[in-house]
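> Please see the structure below; I have some questions.
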Amino acid sequence: MHHENMKAWVVPSLVLASIWVKWAVGLGSYSGQGTPPMFGDYEAQRHWMELTIHLPVRQWYTYDLQYWGLDYPPLTAYVSWLCGKLGAWIDPSWFALDESRGIETPGSKVFMRFTVLAFDTLIYVPALLMFARVWQGTRSTRRQELALAILLFQPALILIDFGHFQYNSVMLGFTLLAANFFAAERDLLGAVCFVLSLGFKQMALYYAPAVGSYLLAKCIYLGRSEGPRLFVRLAMVTLISFIILFLPFLPPFARVSAILDPLTRIFPFNRGLFEDKVANFWCASNVVLKWKYWASQGFLVKLSAALTALGFLPAVATLLFSAYKLQPQGTSRDGKAKPVQPTPLLPLLPYALLTSSLSFFLFSFQVHEKTILVPLLPMTLLLSGSSPEEQTFELGMLMNNVAVFSMWPLLKRDGLALQYVTLLIFWNTLVGYNPFKIKGRSLLQLLSTTVYAAAITLHTAELLFRPPSRLPDLFPVLNVLISTPVFALVWLWSIKRGVEVSWALGGLGSRTSASSSTATTQGSTSRKPLPFPSDSRRDLRISSSNANASDGLGREDGVPSMRTPGTRTMSLGFAQGRRRKVRSGSVDIH
């Protein structure tokens, strides 16, 4: 299209193609299809539409909890009410109270699939488009379009939302909109979007330590004059947003105790440490330690909370300490700071989001296998801005592929084997990734090949053999043992990269050098570049030798090459082979 002067049609074509792929996946089966009496997640979402349009608000979180009682925050309930009203207008039998349980008519299934596609197109896709413009604005148009394609066709999210059936793209879309607004220096709008994400699904809490510490760090960075003002505005906007979301459960619209109804449903500590076979620390270690047999539930709740906090603490500490170190020199003397647009802390945000969400996935209480979608978002954003020679690219591809593999027991149960294989092959081909390429392999790439070989071997064994009767969960457990180390490796890498980026920004260096760097930034002209730092950029490396050692690629200059004849491509921080100056105060660092 670029060569035929049809550049304006590339992005619409990508969006339309992704819609077609999502709808095609939706033509298959879904969670709980034809499996009474409880069916599955599809029936849960349909049932919530049924109860919200027929019952008063005060009964939404208390009605017949044994049959898919509502256990998501109020924004999900409001969206269910809206969809239920529209569906009941088309055909009242789809959402007749109690009588419609388990309904699977062709018309109702088309409507339910349409609601997922509609909200994905209205919220998640615009967030991706904004991301390409705001975070990657200085990159070539072709590079932005490639990043958009990687994100639009991410297989894990398509398989869960459009195959299994859920509305995760709404939560992820609001979170991405929040990050976009932070990058555009619209912090209050970003705070509202993140509250909407929390109000739609409680799993957005996985991002909360990163988002909260980033905003607090920015307040610290702005100094004693501007910082408290921003803090008060953020606190007021956040509080008002939560009050509006929960207003029907607050006085004078409800009794004082009514607020406990949604809260006790949203945080189900009585369900157990984990469900099914999820690729996290608890399920993997349970193979040997058998937690549920000797540890009380109260002890496990406290232990999981402690481990989760320790898991995201490095990201929080890095952000806050970097904010203190990067304060302009005049801030500590008179309390006034000349704000830099935007804050130099922004490049730390994606790594903090990844560290925080992975620590929750690996160590928190009551995790589902589908929750890997939460840390997968920041990792895929980082992947979209990397080149094939970079460590970020290899780890991003590995995590995405293993994330889909880790959900195989669920997808198999849903009858989505064809979609599983097809989407994985399509997406890896689209990205141009060959996991079994042998020539010039680094240690990380060899490790990736080993993981893929183990996954294929497990699939082959599952196809050819039945597990022994005394070990019925043998294959799902082996899946967990293959997947969990990969997620743990990415978590450790995210901490490492956060520290490296902070060091390069001056946030972990001496106060004098940090202040000097910030002062230099203020004196330079500002433009909007990308905030995602690249592994191979000289301006974000502690030293050339250290970067080469960590990358494992043996490059002397650290500059990757993505160039092919007739193609204008670039790694983050390099455009058309031309190095740019370091601007730690702009949206990205060059």
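Identifiers for the structure tokens are assigned positionally: chains receive A, B, ... in sequence, residues are indexed from 1 per chain, and ligands are indexed from 1 in the order shown.
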Kindly assemble as JSON lines a list of the region 232-332 of chain A residues that lie within 12 Å of region 172-194 of chain A, each paired with its nearest atom pair and their distance in Å to one decimal, using only C-alpha atoms, sorted first by chain and then by ascending residue number.

```
{"residue": "A:Val232", "atom": "CA", "partner": "A:Leu188", "partner_atom": "CA", "distance": 10.7}
{"residue": "A:Arg233", "atom": "CA", "partner": "A:Leu188", "partner_atom": "CA", "distance": 7.5}
{"residue": "A:Leu234", "atom": "CA", "partner": "A:Leu188", "partner_atom": "CA", "distance": 6.0}
{"residue": "A:Ala235", "atom": "CA", "partner": "A:Ala191", "partner_atom": "CA", "distance": 9.1}
{"residue": "A:Met236", "atom": "CA", "partner": "A:Leu188", "partner_atom": "CA", "distance": 9.6}
{"residue": "A:Val237", "atom": "CA", "partner": "A:Leu188", "partner_atom": "CA", "distance": 6.8}
{"residue": "A:Thr238", "atom": "CA", "partner": "A:Ala191", "partner_atom": "CA", "distance": 6.3}
{"residue": "A:Leu239", "atom": "CA", "partner": "A:Val192", "partner_atom": "CA", "distance": 9.6}
{"residue": "A:Ile240", "atom": "CA", "partner": "A:Val192", "partner_atom": "CA", "distance": 9.2}
{"residue": "A:Ser241", "atom": "CA", "partner": "A:Val192", "partner_atom": "CA", "distance": 6.5}
{"residue": "A:Phe242", "atom": "CA", "partner": "A:Val192", "partner_atom": "CA", "distance": 9.0}
{"residue": "A:Ile243", "atom": "CA", "partner": "A:Val192", "partner_atom": "CA", "distance": 11.8}
{"residue": "A:Ile244", "atom": "CA", "partner": "A:Val192", "partner_atom": "CA", "distance": 11.1}
{"residue": "A:Leu245", "atom": "CA", "partner": "A:Val192", "partner_atom": "CA", "distance": 11.0}
```
> Mind checking which residues fall within 7 Å of Ser31 (chain A), counting only C-alpha atoms, ignoring those fewer than 4 positions away in the same chain, and posting them as a list in words?
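Residues near the query, excluding close chain neighbours: Gly40, Asp41, Tyr42, His164, Phe165 and Asp414 of chain A.
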> May I have the selected residues written with C-alpha atoms, as a PDB file, in the first residue's frame?

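Full text of part05.pdb as output:
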```pdb
ATOM      1  CA  GLY A  40     -19.200 -21.377  31.739  1.00  0.00           C
ATOM      2  CA  ASP A  41     -17.981 -17.778  31.461  1.00  0.00           C
ATOM      3  CA  TYR A  42     -20.249 -17.128  28.486  1.00  0.00           C
ATOM      4  CA  HIS A 164     -13.402 -18.372  25.452  1.00  0.00           C
ATOM      5  CA  PHE A 165     -15.633 -15.282  25.891  1.00  0.00           C
ATOM      6  CA  ASP A 414     -13.399 -24.877  25.265  1.00  0.00           C
TER       7      ASP A 414
END
```
> To one decimal place, how far is CA of Leu383 (chain A) from CA of Leu430 (chain A) in Å?
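The value is 13.5 Å.
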> Find the residues around Gln154 (chain A) up to 9 Å (only C-alpha atoms counted), leave out those fewer than 6 positions away in its own chain, and share them as a PyMOL selection string.
chain A and resi 380+400+423-424+427
> Can you tell me which residues surround region 104-114 of chain A at a distance of at most 10 Å, considering only C-alpha atoms, apart from same-chain residues fewer than 3 positions away, and format the answer as a PyMOL selection string?
chain A and resi 22-23+26-27+30+33-34+42-43+45-46+83-84+86-87+90-91+93-95+100-101+117-120+161-163+165-166
> At a cut-off of 7 Å, using only C-alpha atoms, what residues contact region 443-450 of chain A? Leave out same-chain residues fewer than 4 positions from it and give the result as a list in words.
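Neighbouring residues, sequence-local ones excluded: Glu394, Leu398, Pro435, Phe436, Ala454 and Gly552 of chain A.
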> Can those selected residues be exported to a file as a PDB file, in the first residue's frame so that it contains all heavy atoms?

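Here's the written file result28.pdb:
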```pdb
ATOM      1  N   GLU A 394      13.055 -10.782  21.905  1.00  0.00           N
ATOM      2  CA  GLU A 394      13.078 -12.220  22.159  1.00  0.00           C
ATOM      3  C   GLU A 394      12.238 -12.582  23.376  1.00  0.00           C
ATOM      4  O   GLU A 394      11.450 -13.539  23.354  1.00  0.00           O
ATOM      5  CB  GLU A 394      14.509 -12.694  22.348  1.00  0.00           C
ATOM      6  CG  GLU A 394      14.663 -14.206  22.453  1.00  0.00           C
ATOM      7  CD  GLU A 394      14.312 -14.923  21.162  1.00  0.00           C
ATOM      8  OE1 GLU A 394      14.609 -14.382  20.080  1.00  0.00           O
ATOM      9  OE2 GLU A 394      13.718 -16.013  21.235  1.00  0.00           O
ATOM     10  N   LEU A 398       8.750 -14.684  23.435  1.00  0.00           N
ATOM     11  CA  LEU A 398       8.712 -15.869  24.295  1.00  0.00           C
ATOM     12  C   LEU A 398       7.549 -15.796  25.273  1.00  0.00           C
ATOM     13  O   LEU A 398       6.788 -16.768  25.427  1.00  0.00           O
ATOM     14  CB  LEU A 398      10.033 -16.000  25.054  1.00  0.00           C
ATOM     15  CG  LEU A 398      10.139 -17.170  26.036  1.00  0.00           C
ATOM     16  CD1 LEU A 398      10.027 -18.501  25.315  1.00  0.00           C
ATOM     17  CD2 LEU A 398      11.452 -17.095  26.824  1.00  0.00           C
ATOM     18  N   PRO A 435      11.262 -19.172  15.887  1.00  0.00           N
ATOM     19  CA  PRO A 435      11.870 -19.607  17.163  1.00  0.00           C
ATOM     20  C   PRO A 435      12.921 -20.688  17.003  1.00  0.00           C
ATOM     21  O   PRO A 435      13.685 -20.945  17.940  1.00  0.00           O
ATOM     22  CB  PRO A 435      10.668 -20.123  17.954  1.00  0.00           C
ATOM     23  CG  PRO A 435       9.670 -20.523  16.925  1.00  0.00           C
ATOM     24  CD  PRO A 435       9.850 -19.566  15.788  1.00  0.00           C
ATOM     25  N   PHE A 436      12.987 -21.320  15.834  1.00  0.00           N
ATOM     26  CA  PHE A 436      13.926 -22.436  15.657  1.00  0.00           C
ATOM     27  C   PHE A 436      15.091 -22.083  14.730  1.00  0.00           C
ATOM     28  O   PHE A 436      15.785 -22.958  14.246  1.00  0.00           O
ATOM     29  CB  PHE A 436      13.182 -23.663  15.123  1.00  0.00           C
ATOM     30  CG  PHE A 436      12.143 -24.169  16.074  1.00  0.00           C
ATOM     31  CD1 PHE A 436      10.798 -23.907  15.848  1.00  0.00           C
ATOM     32  CD2 PHE A 436      12.499 -24.865  17.217  1.00  0.00           C
ATOM     33  CE1 PHE A 436       9.827 -24.352  16.732  1.00  0.00           C
ATOM     34  CE2 PHE A 436      11.540 -25.312  18.110  1.00  0.00           C
ATOM     35  CZ  PHE A 436      10.203 -25.054  17.866  1.00  0.00           C
ATOM     36  N   ALA A 454      10.160 -28.056  24.400  1.00  0.00           N
ATOM     37  CA  ALA A 454       9.459 -28.723  25.501  1.00  0.00           C
ATOM     38  C   ALA A 454       7.948 -28.616  25.326  1.00  0.00           C
ATOM     39  O   ALA A 454       7.208 -29.589  25.578  1.00  0.00           O
ATOM     40  CB  ALA A 454       9.891 -28.108  26.833  1.00  0.00           C
ATOM     41  N   GLY A 552      23.684 -10.562  25.218  1.00  0.00           N
ATOM     42  CA  GLY A 552      24.094 -11.873  24.757  1.00  0.00           C
ATOM     43  C   GLY A 552      24.203 -11.978  23.260  1.00  0.00           C
ATOM     44  O   GLY A 552      24.192 -13.066  22.695  1.00  0.00           O
TER      45      GLY A 552
END
```
> Residues of region 437-492 of chain A classed as helix (DSSP H, G or I) by DSSP on the backbone are to be reported as a PyMOL selection string.
chain A and resi 443-464+474-492
> What lies within 9 Å of Gln419 (chain A) using only C-alpha atoms, ignoring chain neighbours under 6 positions off, as a count of residues only?
5
